[in-house]
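Participant: Got run-v8.txt for you, compact mmCIF, N, CA and C atoms:
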```
# COMPACT_ATOMS: atom_id res chain seq x y z
N MET A 652 -29.41 11.50 -190.64
CA MET A 652 -28.60 12.13 -189.62
C MET A 652 -29.22 11.88 -188.25
N THR A 653 -28.46 12.15 -187.22
CA THR A 653 -28.85 11.72 -185.88
C THR A 653 -28.48 12.77 -184.84
N VAL A 654 -29.32 12.88 -183.82
CA VAL A 654 -28.98 13.59 -182.59
C VAL A 654 -28.60 12.51 -181.59
N LEU A 655 -27.44 12.67 -180.96
CA LEU A 655 -26.93 11.70 -179.98
C LEU A 655 -26.89 12.37 -178.62
N VAL A 656 -27.46 11.72 -177.62
CA VAL A 656 -27.45 12.28 -176.27
C VAL A 656 -26.82 11.28 -175.31
N GLY A 657 -25.92 11.78 -174.46
CA GLY A 657 -25.32 10.96 -173.41
C GLY A 657 -26.21 11.02 -172.18
N ARG A 658 -26.57 9.85 -171.64
CA ARG A 658 -27.50 9.80 -170.50
C ARG A 658 -26.85 9.11 -169.31
N THR A 659 -27.09 9.68 -168.13
CA THR A 659 -26.73 9.07 -166.85
C THR A 659 -27.99 9.12 -165.97
N THR A 660 -27.80 9.05 -164.68
CA THR A 660 -28.95 9.05 -163.77
C THR A 660 -29.10 10.39 -163.04
N THR A 661 -28.64 11.47 -163.63
CA THR A 661 -28.68 12.78 -162.95
C THR A 661 -29.79 13.66 -163.51
N ARG A 662 -30.12 14.71 -162.75
CA ARG A 662 -31.10 15.70 -163.22
C ARG A 662 -30.59 16.39 -164.48
N GLU A 663 -29.30 16.65 -164.54
CA GLU A 663 -28.71 17.30 -165.71
C GLU A 663 -28.88 16.43 -166.95
N SER A 664 -28.73 15.14 -166.77
CA SER A 664 -28.89 14.22 -167.88
C SER A 664 -30.34 14.18 -168.36
N GLU A 665 -31.28 14.20 -167.44
CA GLU A 665 -32.69 14.21 -167.82
C GLU A 665 -33.02 15.46 -168.64
N ALA A 666 -32.45 16.60 -168.22
CA ALA A 666 -32.64 17.84 -168.98
C ALA A 666 -32.04 17.70 -170.38
N ALA A 667 -30.88 17.03 -170.48
CA ALA A 667 -30.23 16.84 -171.78
C ALA A 667 -31.08 15.95 -172.69
N VAL A 668 -31.68 14.90 -172.13
CA VAL A 668 -32.53 14.02 -172.94
C VAL A 668 -33.74 14.79 -173.47
N GLN A 669 -34.35 15.60 -172.62
CA GLN A 669 -35.51 16.39 -173.06
C GLN A 669 -35.12 17.38 -174.16
N GLU A 670 -33.97 18.03 -174.00
CA GLU A 670 -33.50 18.98 -175.02
C GLU A 670 -33.12 18.25 -176.31
N ALA A 671 -32.52 17.06 -176.18
CA ALA A 671 -32.16 16.28 -177.36
C ALA A 671 -33.40 15.86 -178.13
N LEU A 672 -34.45 15.50 -177.43
CA LEU A 672 -35.71 15.14 -178.08
C LEU A 672 -36.27 16.33 -178.86
N ALA A 673 -36.22 17.51 -178.23
CA ALA A 673 -36.69 18.73 -178.91
C ALA A 673 -35.80 19.06 -180.11
N GLU A 674 -34.49 18.87 -179.98
CA GLU A 674 -33.55 19.15 -181.07
C GLU A 674 -33.79 18.19 -182.24
N ALA A 675 -34.02 16.92 -181.95
CA ALA A 675 -34.29 15.95 -183.01
C ALA A 675 -35.59 16.31 -183.73
N LYS A 676 -36.57 16.76 -182.98
CA LYS A 676 -37.84 17.16 -183.58
C LYS A 676 -37.63 18.38 -184.48
N ARG A 677 -36.86 19.38 -184.01
CA ARG A 677 -36.57 20.58 -184.82
C ARG A 677 -35.86 20.22 -186.11
N ARG A 678 -34.92 19.30 -186.03
CA ARG A 678 -34.11 18.93 -187.19
C ARG A 678 -34.81 17.90 -188.08
N GLY A 679 -35.87 17.29 -187.58
CA GLY A 679 -36.55 16.25 -188.34
C GLY A 679 -35.71 15.00 -188.50
N THR A 680 -35.00 14.63 -187.44
CA THR A 680 -34.10 13.49 -187.50
C THR A 680 -34.38 12.55 -186.34
N ASP A 681 -33.64 11.46 -186.27
CA ASP A 681 -33.83 10.50 -185.19
C ASP A 681 -32.95 10.86 -183.99
N LEU A 682 -33.18 10.17 -182.89
CA LEU A 682 -32.46 10.39 -181.64
C LEU A 682 -31.90 9.07 -181.15
N VAL A 683 -30.64 9.09 -180.76
CA VAL A 683 -30.03 7.92 -180.12
C VAL A 683 -29.66 8.32 -178.70
N ILE A 684 -30.18 7.56 -177.73
CA ILE A 684 -29.86 7.79 -176.32
C ILE A 684 -28.77 6.80 -175.95
N PHE A 685 -27.61 7.33 -175.55
CA PHE A 685 -26.44 6.51 -175.23
C PHE A 685 -26.24 6.54 -173.72
N ASP A 686 -26.41 5.39 -173.09
CA ASP A 686 -26.25 5.31 -171.63
C ASP A 686 -24.79 5.23 -171.25
N LEU A 687 -24.31 6.26 -170.56
CA LEU A 687 -22.91 6.33 -170.15
C LEU A 687 -22.62 5.45 -168.93
N ASP A 688 -23.67 5.03 -168.21
CA ASP A 688 -23.49 4.22 -167.01
C ASP A 688 -23.49 2.73 -167.28
N GLY A 689 -23.71 2.31 -168.51
CA GLY A 689 -23.75 0.89 -168.84
C GLY A 689 -24.84 0.61 -169.85
N PRO A 690 -25.33 -0.62 -169.87
CA PRO A 690 -26.38 -0.95 -170.83
C PRO A 690 -27.67 -0.18 -170.51
N PRO A 691 -28.42 0.20 -171.53
CA PRO A 691 -29.66 0.94 -171.27
C PRO A 691 -30.72 0.06 -170.63
N ALA A 692 -31.51 0.66 -169.75
CA ALA A 692 -32.60 -0.06 -169.10
C ALA A 692 -33.58 -0.58 -170.14
N GLU A 693 -33.74 0.16 -171.24
CA GLU A 693 -34.67 -0.22 -172.29
C GLU A 693 -34.13 -1.35 -173.17
N GLY A 694 -32.86 -1.67 -173.03
CA GLY A 694 -32.24 -2.69 -173.87
C GLY A 694 -31.66 -2.07 -175.13
N SER A 695 -30.56 -2.62 -175.64
CA SER A 695 -29.94 -2.11 -176.86
C SER A 695 -30.66 -2.71 -178.06
N ARG A 696 -31.75 -2.09 -178.43
CA ARG A 696 -32.52 -2.56 -179.58
C ARG A 696 -32.14 -1.74 -180.79
N GLU A 697 -32.16 -2.37 -181.93
CA GLU A 697 -31.90 -1.65 -183.17
C GLU A 697 -33.16 -0.99 -183.70
N GLU A 698 -34.34 -1.57 -183.38
CA GLU A 698 -35.57 -0.95 -183.85
C GLU A 698 -35.87 0.29 -183.02
N ALA A 699 -36.37 1.31 -183.67
CA ALA A 699 -36.66 2.57 -183.00
C ALA A 699 -38.05 2.53 -182.39
N VAL A 700 -38.21 3.25 -181.29
CA VAL A 700 -39.52 3.47 -180.70
C VAL A 700 -39.89 4.93 -180.96
N ASP A 701 -41.17 5.20 -181.10
CA ASP A 701 -41.62 6.55 -181.38
C ASP A 701 -41.93 7.27 -180.07
N ILE A 702 -41.26 8.38 -179.83
CA ILE A 702 -41.53 9.22 -178.66
C ILE A 702 -41.81 10.62 -179.18
N ASP A 703 -43.04 11.05 -179.03
CA ASP A 703 -43.45 12.41 -179.42
C ASP A 703 -43.10 12.71 -180.88
N GLY A 704 -43.26 11.71 -181.75
CA GLY A 704 -43.01 11.90 -183.17
C GLY A 704 -41.56 11.77 -183.59
N VAL A 705 -40.68 11.34 -182.67
CA VAL A 705 -39.25 11.18 -182.97
C VAL A 705 -38.89 9.70 -182.83
N ALA A 706 -38.19 9.17 -183.81
CA ALA A 706 -37.70 7.79 -183.74
C ALA A 706 -36.51 7.75 -182.78
N VAL A 707 -36.64 6.98 -181.70
CA VAL A 707 -35.62 6.93 -180.65
C VAL A 707 -35.07 5.51 -180.56
N ARG A 708 -33.73 5.43 -180.57
CA ARG A 708 -33.04 4.16 -180.36
C ARG A 708 -32.16 4.29 -179.12
N TYR A 709 -31.82 3.15 -178.53
CA TYR A 709 -31.02 3.14 -177.30
C TYR A 709 -29.75 2.35 -177.52
N ARG A 710 -28.67 2.88 -176.96
CA ARG A 710 -27.37 2.18 -176.99
C ARG A 710 -26.76 2.30 -175.61
N GLY A 711 -25.87 1.38 -175.30
CA GLY A 711 -25.18 1.43 -174.02
C GLY A 711 -23.71 1.14 -174.17
N ARG A 712 -23.01 1.36 -173.11
CA ARG A 712 -21.57 1.14 -173.08
C ARG A 712 -21.22 -0.33 -172.98
N ASP A 713 -20.03 -0.63 -173.41
CA ASP A 713 -19.43 -1.93 -173.14
C ASP A 713 -18.83 -1.81 -171.74
N GLU A 714 -19.37 -2.55 -170.78
CA GLU A 714 -18.94 -2.40 -169.39
C GLU A 714 -17.48 -2.77 -169.17
N ARG A 715 -16.87 -3.43 -170.12
CA ARG A 715 -15.45 -3.77 -170.00
C ARG A 715 -14.55 -2.58 -170.32
N ASN A 716 -15.11 -1.59 -171.00
CA ASN A 716 -14.36 -0.40 -171.39
C ASN A 716 -14.45 0.62 -170.26
N ASN A 717 -13.35 1.28 -169.95
CA ASN A 717 -13.31 2.23 -168.84
C ASN A 717 -13.30 3.68 -169.33
N ASP A 718 -13.79 3.93 -170.54
CA ASP A 718 -13.79 5.29 -171.10
C ASP A 718 -15.16 5.61 -171.70
N PRO A 719 -16.13 5.97 -170.84
CA PRO A 719 -17.47 6.24 -171.36
C PRO A 719 -17.51 7.39 -172.36
N ALA A 720 -16.76 8.45 -172.11
CA ALA A 720 -16.75 9.59 -173.03
C ALA A 720 -16.20 9.17 -174.39
N GLY A 721 -15.14 8.37 -174.39
CA GLY A 721 -14.56 7.88 -175.63
C GLY A 721 -15.54 7.01 -176.40
N GLU A 722 -16.30 6.18 -175.69
CA GLU A 722 -17.30 5.35 -176.36
C GLU A 722 -18.40 6.19 -176.97
N LEU A 723 -18.82 7.24 -176.27
CA LEU A 723 -19.84 8.15 -176.82
C LEU A 723 -19.32 8.83 -178.08
N LEU A 724 -18.07 9.28 -178.05
CA LEU A 724 -17.49 9.93 -179.22
C LEU A 724 -17.36 8.96 -180.39
N ASP A 725 -16.99 7.70 -180.10
CA ASP A 725 -16.93 6.68 -181.16
C ASP A 725 -18.31 6.43 -181.74
N ALA A 726 -19.34 6.41 -180.88
CA ALA A 726 -20.71 6.21 -181.36
C ALA A 726 -21.14 7.37 -182.25
N ALA A 727 -20.72 8.59 -181.90
CA ALA A 727 -21.07 9.76 -182.73
C ALA A 727 -20.51 9.60 -184.14
N VAL A 728 -19.29 9.13 -184.24
CA VAL A 728 -18.68 8.91 -185.56
C VAL A 728 -19.40 7.79 -186.30
N ALA A 729 -19.64 6.67 -185.62
CA ALA A 729 -20.28 5.53 -186.26
C ALA A 729 -21.70 5.85 -186.74
N LEU A 730 -22.40 6.69 -185.99
CA LEU A 730 -23.78 7.03 -186.34
C LEU A 730 -23.88 8.20 -187.32
N GLY A 731 -22.77 8.91 -187.52
CA GLY A 731 -22.82 10.11 -188.34
C GLY A 731 -23.65 11.20 -187.66
N ALA A 732 -23.47 11.36 -186.36
CA ALA A 732 -24.28 12.30 -185.58
C ALA A 732 -24.08 13.73 -186.06
N ASP A 733 -25.18 14.49 -186.09
CA ASP A 733 -25.14 15.92 -186.40
C ASP A 733 -24.71 16.73 -185.19
N VAL A 734 -25.14 16.28 -184.01
CA VAL A 734 -24.89 17.01 -182.77
C VAL A 734 -24.91 16.02 -181.62
N ILE A 735 -24.12 16.31 -180.59
CA ILE A 735 -24.11 15.55 -179.34
C ILE A 735 -24.70 16.45 -178.27
N VAL A 736 -25.63 15.91 -177.48
CA VAL A 736 -26.23 16.67 -176.39
C VAL A 736 -25.80 16.03 -175.07
N ILE A 737 -25.31 16.85 -174.14
CA ILE A 737 -24.88 16.35 -172.83
C ILE A 737 -25.42 17.25 -171.74
N GLY A 738 -25.60 16.69 -170.57
CA GLY A 738 -25.97 17.47 -169.39
C GLY A 738 -24.70 17.86 -168.63
N ILE A 739 -24.69 19.07 -168.12
CA ILE A 739 -23.52 19.53 -167.35
C ILE A 739 -23.97 20.12 -166.03
N ARG A 740 -23.04 20.17 -165.08
CA ARG A 740 -23.30 20.82 -163.80
C ARG A 740 -22.05 21.57 -163.38
N HIS A 741 -22.24 22.53 -162.52
CA HIS A 741 -21.12 23.31 -162.01
C HIS A 741 -20.29 22.44 -161.07
N ARG A 742 -18.98 22.50 -161.23
CA ARG A 742 -18.07 21.78 -160.32
C ARG A 742 -17.03 22.76 -159.82
N SER A 743 -16.57 22.52 -158.63
CA SER A 743 -15.53 23.38 -158.06
C SER A 743 -14.20 23.10 -158.77
N PRO A 744 -13.24 24.02 -158.67
CA PRO A 744 -11.92 23.76 -159.28
C PRO A 744 -11.27 22.48 -158.75
N VAL A 745 -11.41 22.21 -157.46
CA VAL A 745 -10.84 20.99 -156.89
C VAL A 745 -11.54 19.76 -157.47
N GLY A 746 -12.86 19.84 -157.61
CA GLY A 746 -13.62 18.74 -158.20
C GLY A 746 -13.16 18.45 -159.62
N LYS A 747 -12.87 19.49 -160.37
CA LYS A 747 -12.39 19.32 -161.74
C LYS A 747 -11.03 18.63 -161.75
N LEU A 748 -10.17 19.02 -160.82
CA LEU A 748 -8.82 18.45 -160.77
C LEU A 748 -8.85 16.99 -160.36
N LEU A 749 -9.61 16.66 -159.32
CA LEU A 749 -9.59 15.31 -158.77
C LEU A 749 -10.46 14.31 -159.53
N LEU A 750 -11.58 14.75 -160.03
CA LEU A 750 -12.55 13.81 -160.58
C LEU A 750 -12.53 13.67 -162.09
N GLY A 751 -11.88 14.60 -162.79
CA GLY A 751 -11.94 14.54 -164.25
C GLY A 751 -13.36 14.85 -164.70
N SER A 752 -13.62 14.75 -165.99
CA SER A 752 -14.97 15.06 -166.44
C SER A 752 -15.23 14.45 -167.80
N ASN A 753 -16.27 13.61 -167.86
CA ASN A 753 -16.69 13.09 -169.16
C ASN A 753 -17.14 14.23 -170.05
N ALA A 754 -17.89 15.19 -169.46
CA ALA A 754 -18.39 16.32 -170.23
C ALA A 754 -17.24 17.11 -170.84
N GLN A 755 -16.21 17.34 -170.06
CA GLN A 755 -15.06 18.11 -170.56
C GLN A 755 -14.40 17.38 -171.72
N GLU A 756 -14.21 16.07 -171.60
CA GLU A 756 -13.60 15.31 -172.68
C GLU A 756 -14.46 15.37 -173.95
N ILE A 757 -15.77 15.24 -173.78
CA ILE A 757 -16.67 15.28 -174.93
C ILE A 757 -16.62 16.66 -175.59
N LEU A 758 -16.66 17.72 -174.78
CA LEU A 758 -16.61 19.08 -175.32
C LEU A 758 -15.32 19.33 -176.10
N LEU A 759 -14.21 18.85 -175.58
CA LEU A 759 -12.92 19.14 -176.21
C LEU A 759 -12.58 18.22 -177.38
N GLU A 760 -13.08 17.00 -177.37
CA GLU A 760 -12.66 16.02 -178.37
C GLU A 760 -13.66 15.77 -179.50
N ALA A 761 -14.89 16.22 -179.35
CA ALA A 761 -15.92 15.92 -180.36
C ALA A 761 -15.62 16.60 -181.69
N ASP A 762 -15.92 15.88 -182.76
CA ASP A 762 -15.75 16.41 -184.12
C ASP A 762 -17.03 17.05 -184.64
N VAL A 763 -18.10 16.99 -183.86
CA VAL A 763 -19.39 17.59 -184.23
C VAL A 763 -19.78 18.57 -183.13
N PRO A 764 -20.74 19.46 -183.41
CA PRO A 764 -21.16 20.40 -182.36
C PRO A 764 -21.69 19.66 -181.13
N VAL A 765 -21.45 20.26 -179.97
CA VAL A 765 -21.93 19.71 -178.70
C VAL A 765 -22.85 20.74 -178.06
N LEU A 766 -24.04 20.30 -177.70
CA LEU A 766 -25.00 21.14 -177.00
C LEU A 766 -24.97 20.75 -175.54
N ALA A 767 -24.50 21.66 -174.67
CA ALA A 767 -24.40 21.41 -173.24
C ALA A 767 -25.61 22.01 -172.53
N VAL A 768 -26.30 21.18 -171.75
CA VAL A 768 -27.57 21.58 -171.13
C VAL A 768 -27.42 21.51 -169.61
N LYS A 769 -27.89 22.58 -168.94
CA LYS A 769 -27.93 22.58 -167.48
C LYS A 769 -29.34 22.23 -167.03
N ALA A 770 -29.44 21.60 -165.87
CA ALA A 770 -30.75 21.28 -165.31
C ALA A 770 -31.39 22.57 -164.80
N PRO A 771 -32.72 22.67 -164.87
CA PRO A 771 -33.38 23.85 -164.31
C PRO A 771 -33.16 23.91 -162.80
N LYS A 772 -33.13 25.12 -162.27
CA LYS A 772 -32.98 25.28 -160.82
C LYS A 772 -34.24 24.81 -160.13
N GLU A 773 -34.04 24.20 -158.97
CA GLU A 773 -35.18 23.67 -158.21
C GLU A 773 -35.95 24.78 -157.55
```
Spit out the file's structure as structure tokens when you get a sec.
Facilitator:
Amino acid sequence: MTVLVGRTTTRESEAAVQEALAEAKRRGTDLVIFDLDGPPAEGSREEAVDIDGVAVRYRGRDERNNDPAGELLDAAVALGADVIVIGIRHRSPVGKLLLGSNAQEILLEADVPVLAVKAPKE
């Protein structure tokens, strides 16, 4: 089984990765970090690297696809993920209307539990 975390370049995402690592350790399972902004900086390797006793693999989006949330949800099914971890932030009602939300789509469409993590206050 797998813990899957969606990663971007935000503070909220960094908090989600840290929580996903802790969740994978608690469950005794591996962790897949899925880059929502494109290919992972670490490269899409199939071999796992060990981080704090957890086997971690990296995956990235197909840049030709314009639905990062959908790709993350497809990856969750393909990997047989136990849980999806995402970072969230507060948005105004207008921001929600105009900008849409990957987090909202993941929360509403996922077939597995979703752990939503906020970044610590500065």
Participant: Just how far from atom N of Ala671 in chain A is atom C of Glu773 in chain A, in Å to one decimal?
Facilitator: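 Result for atom C of Glu773 in chain A versus atom N of Ala671 in chain A: 20.5 Å, one decimal.
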Participant: Apply DSSP to the structure's backbone, then extract all residues of chain A labelled alpha helix (DSSP H) and return them as a PyMOL selection string.
Facilitator: chain A and resi 662-678+719-730+744-750+753-760
Participant: Between A:Leu723, A:Val728, A:Ala706, A:Met652, single out the one closest to Asn753 in chain A, counting only C-alpha atoms.
Facilitator: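 Among the listed residues, A:Leu723 lies closest to Asn753 in chain A.
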Participant: Could you list, as a list in words, every residue within 8 Å of range 755-761 of chain A, counting all atoms listed in the file and ignoring same-chain residues fewer than 4 positions away?
Facilitator: Ala720, Gly721, Leu723, Leu724, Gly751, Val765 and Leu766 of chain A
Participant: Could you state the separation of CA of Arg658 in chain A and atom C of Asp703 in chain A in Å, given to one decimal place?
Facilitator: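 Going from CA of Arg658 in chain A over to atom C of Asp703 in chain A covers 19.0 Å.
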Participant: Need the axis-aligned box for range 732-743 of chain A with 5 Å each side, so what are the centre and edges in Å to one decimal, as JSON?
Facilitator:
```
{"center_x": -20.2, "center_y": 17.4, "center_z": -172.2, "size_x": 22.0, "size_y": 22.0, "size_z": 38.3}
```
Participant: Residues at most 6 Å from Arg710 in chain A, counting only N, CA and C atoms, excluding those fewer than 6 positions away in the same chain, as a PyMOL selection string?
Facilitator: chain A and resi 683-686+690-691+695
Participant: So, counting only N, CA and C atoms, which residue among A:Val705, A:Val768, A:Ala754, A:Val763 is closest to Asp681 in chain A?
Facilitator: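 Among A:Val705, A:Val768, A:Ala754, A:Val763, it is A:Val705 that comes nearest to Asp681 in chain A.
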Participant: Restricting the calculation to all atoms listed in the file, which member of A:Asp701, A:Arg677, A:Glu670, A:Gly711 is positioned closest to Gly689 in chain A?
Facilitator: A:Gly711
Participant: From the options A:Val736, A:Gly704, A:Thr659, A:Ala666, which residue's atoms come nearest to Gly679 in chain A, counting only C-alpha atoms?
Facilitator: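 Smallest distance to Gly679 in chain A is found for A:Gly704.
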Participant: Kindly indicate which residue among A:Asp713, A:Glu665, A:Asp688, A:Pro764 lies nearest to Ile735 in chain A, using all atoms listed in the file for the distances.
Facilitator: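 Nearest candidate to Ile735 in chain A out of A:Asp713, A:Glu665, A:Asp688, A:Pro764: A:Pro764.
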Participant: Can you measure CA of Arg678 in chain A to CA of Asp718 in chain A for me? One decimal in Å is fine.
Facilitator: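 These two atoms are separated by 29.3 Å.
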Participant: Between A:Pro771, A:Gly731, A:Pro719, A:Gly738, single out the one closest to Ser664 in chain A, counting only C-alpha atoms.
Facilitator: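 That would be A:Gly738, the residue with the smallest distance to Ser664 in chain A.
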Participant: From the DSSP assignment of the backbone, select every residue of chain A that is strand (DSSP E or B), and format the answer as a ChimeraX atom specification.
Facilitator: /A:653-658,681-686,700-702,705-711,732-739,765-769
Participant: Give me the residues within 6 Å of Ala732 in chain A as a PyMOL selection string, counting only C-alpha atoms and dropping any in the same chain fewer than 4 places off.
Facilitator: chain A and resi 652-654+727
